[in-house]
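To start, the structure itself, in structure tokens.
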Amino acid sequence: KLGDRRSILIGLGLMTAGGLLGGFAVDYGLLIAGRLLAGLGVILLFIMIPKTVSEWFSGRQMFFALSLYLGGWPVGMAIALIALPAILDIWHWSAVFLATGLVCAAILLVCLFFLRDPPKPAALETVPLGRAFRVPWREIVLVTLIGLLWTAFNAAHTVVLAFGPGFIETLGYPPAEAGAIVSINLWVGIV
């Protein structure tokens, strides 16, 4: 009911508000509230952006556009692994949250001016009543396989992001260098 553009703007707005709330938090409760707001925005974007991309493009173009989107999402994490420890070293932990909120605000402004709703889809072909709709086994197997592969890929990214910097720190590296090492891993994965 909201439309793609408005939903994406709301998601970015939640992420901006969450980052700013976390940055100005004076207690742990506000910090958690900021993280929850930002997380809700991320969930909304993870649902809406692939949907919007798949409506803007079709056929091979859609697969190429989705691969650019999915291959590009670790870019922010790779940059954050380098930038956020540096921000923390120079300023305060609240500056880390403010920085992420300001980046989201900048993206929100770009989308506010340049993002449009995708064109209206053509009427979908419907299956007449009384006629069974069957999905070929080959399609079921392929979709299941790609779902399992995508799950494994995301699980590997999560493990590297969650435990990599801490593990590297136990080897004697300072936090900024540990984050940079994991960032390099992400950049290689993106390529």
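We label chains A, B, ... in the order they appear in the structure tokens, count residues from 1 in each chain, and number ligands from 1 in the order shown.
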I'd like to know which residues of range 6-190 of chain A are alpha helix (DSSP H) (by DSSP, run on the backbone); could you write them as a ChimeraX atom specification? /A:6-23,28-56,59-72,74-90,93-114,137-170,175-190
Which residues of range 53-135 of chain A have any atom within 12 Å of an atom in range 17-36 of chain A when counting only C-alpha atoms, and what is the closest pair of atoms for each, with the distance in Å to one decimal? Order the rows by chain and rising number and write it as a Markdown table.
```
| residue | atom | partner | partner_atom | distance |
| --- | --- | --- | --- | --- |
| A:Trp91 | CA | A:Gly23 | CA | 11.9 |
| A:His92 | CA | A:Gly23 | CA | 9.5 |
| A:Trp93 | CA | A:Gly23 | CA | 7.9 |
| A:Ser94 | CA | A:Gly23 | CA | 4.3 |
| A:Ala95 | CA | A:Gly23 | CA | 6.1 |
| A:Val96 | CA | A:Gly23 | CA | 7.2 |
| A:Phe97 | CA | A:Gly23 | CA | 4.6 |
| A:Leu98 | CA | A:Gly23 | CA | 4.7 |
| A:Ala99 | CA | A:Gly19 | CA | 7.6 |
| A:Thr100 | CA | A:Gly19 | CA | 5.7 |
| A:Gly101 | CA | A:Gly19 | CA | 3.9 |
| A:Leu102 | CA | A:Leu20 | CA | 7.6 |
| A:Val103 | CA | A:Gly19 | CA | 9.2 |
| A:Cys104 | CA | A:Gly19 | CA | 8.1 |
| A:Ala105 | CA | A:Ala17 | CA | 8.6 |
| A:Leu108 | CA | A:Ala17 | CA | 11.2 |
```
Let me see the file: selected residues, N, CA, C and O atoms, as a PDB file, in the first residue's frame.
```pdb
ATOM      1  N   TRP A  91      37.543   9.851  18.218  1.00  0.00           N
ATOM      2  CA  TRP A  91      36.519  10.493  19.024  1.00  0.00           C
ATOM      3  C   TRP A  91      36.012   9.552  20.111  1.00  0.00           C
ATOM      4  O   TRP A  91      36.773   9.080  20.907  1.00  0.00           O
ATOM      5  N   HIS A  92      34.728   9.274  20.095  1.00  0.00           N
ATOM      6  CA  HIS A  92      34.045   8.525  21.154  1.00  0.00           C
ATOM      7  C   HIS A  92      33.133   7.509  20.483  1.00  0.00           C
ATOM      8  O   HIS A  92      32.808   7.642  19.310  1.00  0.00           O
ATOM      9  N   TRP A  93      32.699   6.505  21.240  1.00  0.00           N
ATOM     10  CA  TRP A  93      31.826   5.490  20.639  1.00  0.00           C
ATOM     11  C   TRP A  93      30.556   6.104  20.068  1.00  0.00           C
ATOM     12  O   TRP A  93      30.011   5.600  19.084  1.00  0.00           O
ATOM     13  N   SER A  94      30.050   7.188  20.655  1.00  0.00           N
ATOM     14  CA  SER A  94      28.826   7.802  20.139  1.00  0.00           C
ATOM     15  C   SER A  94      29.038   8.341  18.723  1.00  0.00           C
ATOM     16  O   SER A  94      28.097   8.371  17.918  1.00  0.00           O
ATOM     17  N   ALA A  95      30.273   8.734  18.396  1.00  0.00           N
ATOM     18  CA  ALA A  95      30.562   9.234  17.051  1.00  0.00           C
ATOM     19  C   ALA A  95      30.404   8.136  16.009  1.00  0.00           C
ATOM     20  O   ALA A  95      30.057   8.412  14.858  1.00  0.00           O
ATOM     21  N   VAL A  96      30.626   6.894  16.400  1.00  0.00           N
ATOM     22  CA  VAL A  96      30.436   5.767  15.482  1.00  0.00           C
ATOM     23  C   VAL A  96      28.967   5.674  15.072  1.00  0.00           C
ATOM     24  O   VAL A  96      28.643   5.535  13.893  1.00  0.00           O
ATOM     25  N   PHE A  97      28.074   5.783  16.051  1.00  0.00           N
ATOM     26  CA  PHE A  97      26.643   5.723  15.758  1.00  0.00           C
ATOM     27  C   PHE A  97      26.196   6.946  14.952  1.00  0.00           C
ATOM     28  O   PHE A  97      25.407   6.824  14.013  1.00  0.00           O
ATOM     29  N   LEU A  98      26.715   8.111  15.308  1.00  0.00           N
ATOM     30  CA  LEU A  98      26.373   9.327  14.556  1.00  0.00           C
ATOM     31  C   LEU A  98      26.846   9.221  13.110  1.00  0.00           C
ATOM     32  O   LEU A  98      26.117   9.622  12.189  1.00  0.00           O
ATOM     33  N   ALA A  99      28.032   8.665  12.903  1.00  0.00           N
ATOM     34  CA  ALA A  99      28.557   8.522  11.538  1.00  0.00           C
ATOM     35  C   ALA A  99      27.654   7.624  10.697  1.00  0.00           C
ATOM     36  O   ALA A  99      27.335   7.954   9.547  1.00  0.00           O
ATOM     37  N   THR A 100      27.210   6.508  11.272  1.00  0.00           N
ATOM     38  CA  THR A 100      26.333   5.616  10.500  1.00  0.00           C
ATOM     39  C   THR A 100      24.985   6.283  10.244  1.00  0.00           C
ATOM     40  O   THR A 100      24.416   6.144   9.157  1.00  0.00           O
ATOM     41  N   GLY A 101      24.485   7.035  11.217  1.00  0.00           N
ATOM     42  CA  GLY A 101      23.229   7.755  11.014  1.00  0.00           C
ATOM     43  C   GLY A 101      23.351   8.819   9.937  1.00  0.00           C
ATOM     44  O   GLY A 101      22.443   8.999   9.113  1.00  0.00           O
ATOM     45  N   LEU A 102      24.486   9.509   9.890  1.00  0.00           N
ATOM     46  CA  LEU A 102      24.688  10.550   8.878  1.00  0.00           C
ATOM     47  C   LEU A 102      24.857   9.957   7.478  1.00  0.00           C
ATOM     48  O   LEU A 102      24.366  10.532   6.500  1.00  0.00           O
ATOM     49  N   VAL A 103      25.514   8.808   7.374  1.00  0.00           N
ATOM     50  CA  VAL A 103      25.619   8.138   6.070  1.00  0.00           C
ATOM     51  C   VAL A 103      24.228   7.738   5.581  1.00  0.00           C
ATOM     52  O   VAL A 103      23.880   7.943   4.413  1.00  0.00           O
ATOM     53  N   CYS A 104      23.419   7.189   6.492  1.00  0.00           N
ATOM     54  CA  CYS A 104      22.046   6.819   6.112  1.00  0.00           C
ATOM     55  C   CYS A 104      21.250   8.056   5.709  1.00  0.00           C
ATOM     56  O   CYS A 104      20.451   8.007   4.763  1.00  0.00           O
ATOM     57  N   ALA A 105      21.454   9.167   6.415  1.00  0.00           N
ATOM     58  CA  ALA A 105      20.752  10.407   6.068  1.00  0.00           C
ATOM     59  C   ALA A 105      21.155  10.887   4.675  1.00  0.00           C
ATOM     60  O   ALA A 105      20.299  11.341   3.901  1.00  0.00           O
ATOM     61  N   LEU A 108      19.455   8.708   2.219  1.00  0.00           N
ATOM     62  CA  LEU A 108      18.038   9.070   2.236  1.00  0.00           C
ATOM     63  C   LEU A 108      17.790  10.299   1.359  1.00  0.00           C
ATOM     64  O   LEU A 108      16.844  10.329   0.568  1.00  0.00           O
TER      65      LEU A 108
END
```
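Near Leu2 in chain A, within 12 Å and counting only C-alpha atoms, sit Ile8, Leu9, Ile10, Gly11, Met48 and Asp117 of chain A; same-chain residues fewer than 6 positions away were not included.
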Give me the residues within 7 Å of Gly179 in chain A as number ranges by chain, counting only C-alpha atoms and dropping any in the same chain fewer than 4 places off. A: 81-82, 165, 175, 183
For CA of Val135 in chain A and CA of Phe46 in chain A, quote the distance in Å rounded to one decimal.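 Interatomic distance, CA of Val135 in chain A to CA of Phe46 in chain A: 26.2 Å.
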Minimum-distance residue to Gly72 in chain A, chosen among A:Tyr173, A:Phe133, A:Trp187, A:Phe163 (using only C-alpha atoms):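 Among A:Tyr173, A:Phe133, A:Trp187, A:Phe163, it is A:Trp187 that comes nearest to Gly72 in chain A.
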Hey, can you check how far CA of Lys51 in chain A sits from CA of Asp4 in chain A?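 Rounded to one decimal, the two atoms are 8.2 Å apart.
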Just want the 12 Å neighbourhood of Trp56 in chain A, counted on only C-alpha atoms, with same-chain residues fewer than 2 positions away dropped. Output as a list in words. Asp4, Ile49, Pro50, Lys51, Thr52, Val53, Ser54, Ser58, Gly59, Gln61, Met62, Phe63, Phe64, Ala65, Leu66, Leu115, Arg116, Asp117, Pro118, Pro119, Lys120 and Pro121 of chain A
Could you write those residues out with N, CA, C and O atoms, as a CSV table (one decimal), in the first residue's frame?
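Result file follows (selection.csv):
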```csv
chain,number,residue,atom,x,y,z
A,4,ASP,N,6.9,1.2,-3.3
A,4,ASP,CA,8.3,0.9,-3.2
A,4,ASP,C,9.1,2.1,-2.7
A,4,ASP,O,9.9,2.0,-1.7
A,49,ILE,N,14.2,-3.5,-1.5
A,49,ILE,CA,15.2,-3.3,-2.6
A,49,ILE,C,15.2,-4.4,-3.6
A,49,ILE,O,15.1,-4.1,-4.8
A,50,PRO,N,15.3,-5.7,-3.2
A,50,PRO,CA,15.3,-6.7,-4.2
A,50,PRO,C,13.9,-6.7,-5.0
A,50,PRO,O,13.9,-6.9,-6.2
A,51,LYS,N,12.8,-6.5,-4.3
A,51,LYS,CA,11.5,-6.4,-4.9
A,51,LYS,C,11.5,-5.3,-6.0
A,51,LYS,O,11.1,-5.5,-7.1
A,52,THR,N,12.0,-4.1,-5.6
A,52,THR,CA,12.1,-3.0,-6.5
A,52,THR,C,13.0,-3.2,-7.7
A,52,THR,O,12.6,-2.9,-8.8
A,53,VAL,N,14.1,-3.8,-7.5
A,53,VAL,CA,15.1,-4.1,-8.5
A,53,VAL,C,14.4,-5.1,-9.5
A,53,VAL,O,14.5,-4.9,-10.7
A,54,SER,N,13.7,-6.1,-9.0
A,54,SER,CA,13.1,-7.1,-9.9
A,54,SER,C,12.0,-6.5,-10.7
A,54,SER,O,11.6,-7.1,-11.7
A,58,SER,N,14.0,-6.9,-16.2
A,58,SER,CA,13.4,-8.2,-16.5
A,58,SER,C,14.4,-9.1,-17.2
A,58,SER,O,15.4,-8.6,-17.7
A,59,GLY,N,14.2,-10.4,-17.2
A,59,GLY,CA,15.0,-11.3,-17.9
A,59,GLY,C,16.4,-11.3,-17.4
A,59,GLY,O,16.7,-11.2,-16.2
A,61,GLN,N,18.6,-8.9,-17.6
A,61,GLN,CA,18.9,-7.7,-17.0
A,61,GLN,C,18.6,-7.7,-15.5
A,61,GLN,O,19.3,-7.2,-14.7
A,62,MET,N,17.5,-8.4,-15.1
A,62,MET,CA,17.1,-8.5,-13.7
A,62,MET,C,18.1,-9.3,-13.0
A,62,MET,O,18.5,-8.9,-11.9
A,63,PHE,N,18.6,-10.4,-13.5
A,63,PHE,CA,19.6,-11.2,-12.8
A,63,PHE,C,20.9,-10.4,-12.7
A,63,PHE,O,21.5,-10.5,-11.6
A,64,PHE,N,21.3,-9.7,-13.7
A,64,PHE,CA,22.5,-8.9,-13.6
A,64,PHE,C,22.3,-7.8,-12.5
A,64,PHE,O,23.2,-7.5,-11.7
A,65,ALA,N,21.2,-7.1,-12.5
A,65,ALA,CA,20.9,-6.0,-11.5
A,65,ALA,C,20.9,-6.6,-10.1
A,65,ALA,O,21.5,-6.0,-9.2
A,66,LEU,N,20.2,-7.7,-9.9
A,66,LEU,CA,20.2,-8.3,-8.6
A,66,LEU,C,21.6,-8.8,-8.2
A,66,LEU,O,21.9,-8.7,-7.0
A,115,LEU,N,15.1,8.6,-6.5
A,115,LEU,CA,14.4,7.3,-6.5
A,115,LEU,C,13.0,7.5,-7.0
A,115,LEU,O,12.3,8.4,-6.5
A,116,ARG,N,12.6,6.7,-7.9
A,116,ARG,CA,11.2,6.7,-8.4
A,116,ARG,C,10.6,5.3,-8.2
A,116,ARG,O,11.3,4.3,-8.1
A,117,ASP,N,9.3,5.2,-8.1
A,117,ASP,CA,8.6,3.9,-8.1
A,117,ASP,C,8.9,3.2,-9.4
A,117,ASP,O,8.9,3.9,-10.4
A,118,PRO,N,9.0,1.9,-9.4
A,118,PRO,CA,9.1,1.2,-10.7
A,118,PRO,C,7.9,1.3,-11.5
A,118,PRO,O,6.8,1.6,-11.0
A,119,PRO,N,8.0,1.1,-12.8
A,119,PRO,CA,6.8,1.1,-13.7
A,119,PRO,C,5.8,0.1,-13.2
A,119,PRO,O,6.1,-1.0,-12.7
A,120,LYS,N,4.5,0.3,-13.5
A,120,LYS,CA,3.5,-0.6,-13.1
A,120,LYS,C,3.6,-1.9,-13.9
A,120,LYS,O,3.9,-1.9,-15.1
A,121,PRO,N,3.6,-3.0,-13.2
A,121,PRO,CA,3.7,-4.3,-13.9
A,121,PRO,C,2.6,-4.6,-14.8
A,121,PRO,O,1.5,-4.2,-14.6
```
Compile a residue-level contact table for range 38-114 of chain A against range 146-161 of chain A at a cut-off of 10 Å, reporting for every qualifying residue the shortest atom pair and its distance in Å to one decimal, with only C-alpha atoms counted, rows ordered by chain and ascending number, as JSON lines.
```
{"residue": "A:Pro74", "atom": "CA", "partner": "A:His157", "partner_atom": "CA", "distance": 8.8}
{"residue": "A:Met77", "atom": "CA", "partner": "A:Leu161", "partner_atom": "CA", "distance": 8.5}
{"residue": "A:Ala78", "atom": "CA", "partner": "A:Leu161", "partner_atom": "CA", "distance": 9.4}
{"residue": "A:Leu81", "atom": "CA", "partner": "A:Leu161", "partner_atom": "CA", "distance": 8.9}
```
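If you look at CA of Pro174 in chain A and CA of Pro85 in chain A, they are 9.8 Å away from each other.
You can rank A:Leu44, A:Phe167, A:Gly71, A:Lys1 by their closest distance to Ile190 in chain A using only C-alpha atoms, and at the top of that list sits A:Gly71.
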Rank A:Gly13, A:Arg5, A:Ile90, A:Trp137 by their smallest atom-to-atom distance to Phe114 in chain A, using only C-alpha atoms, and report the top residue only. A:Arg5
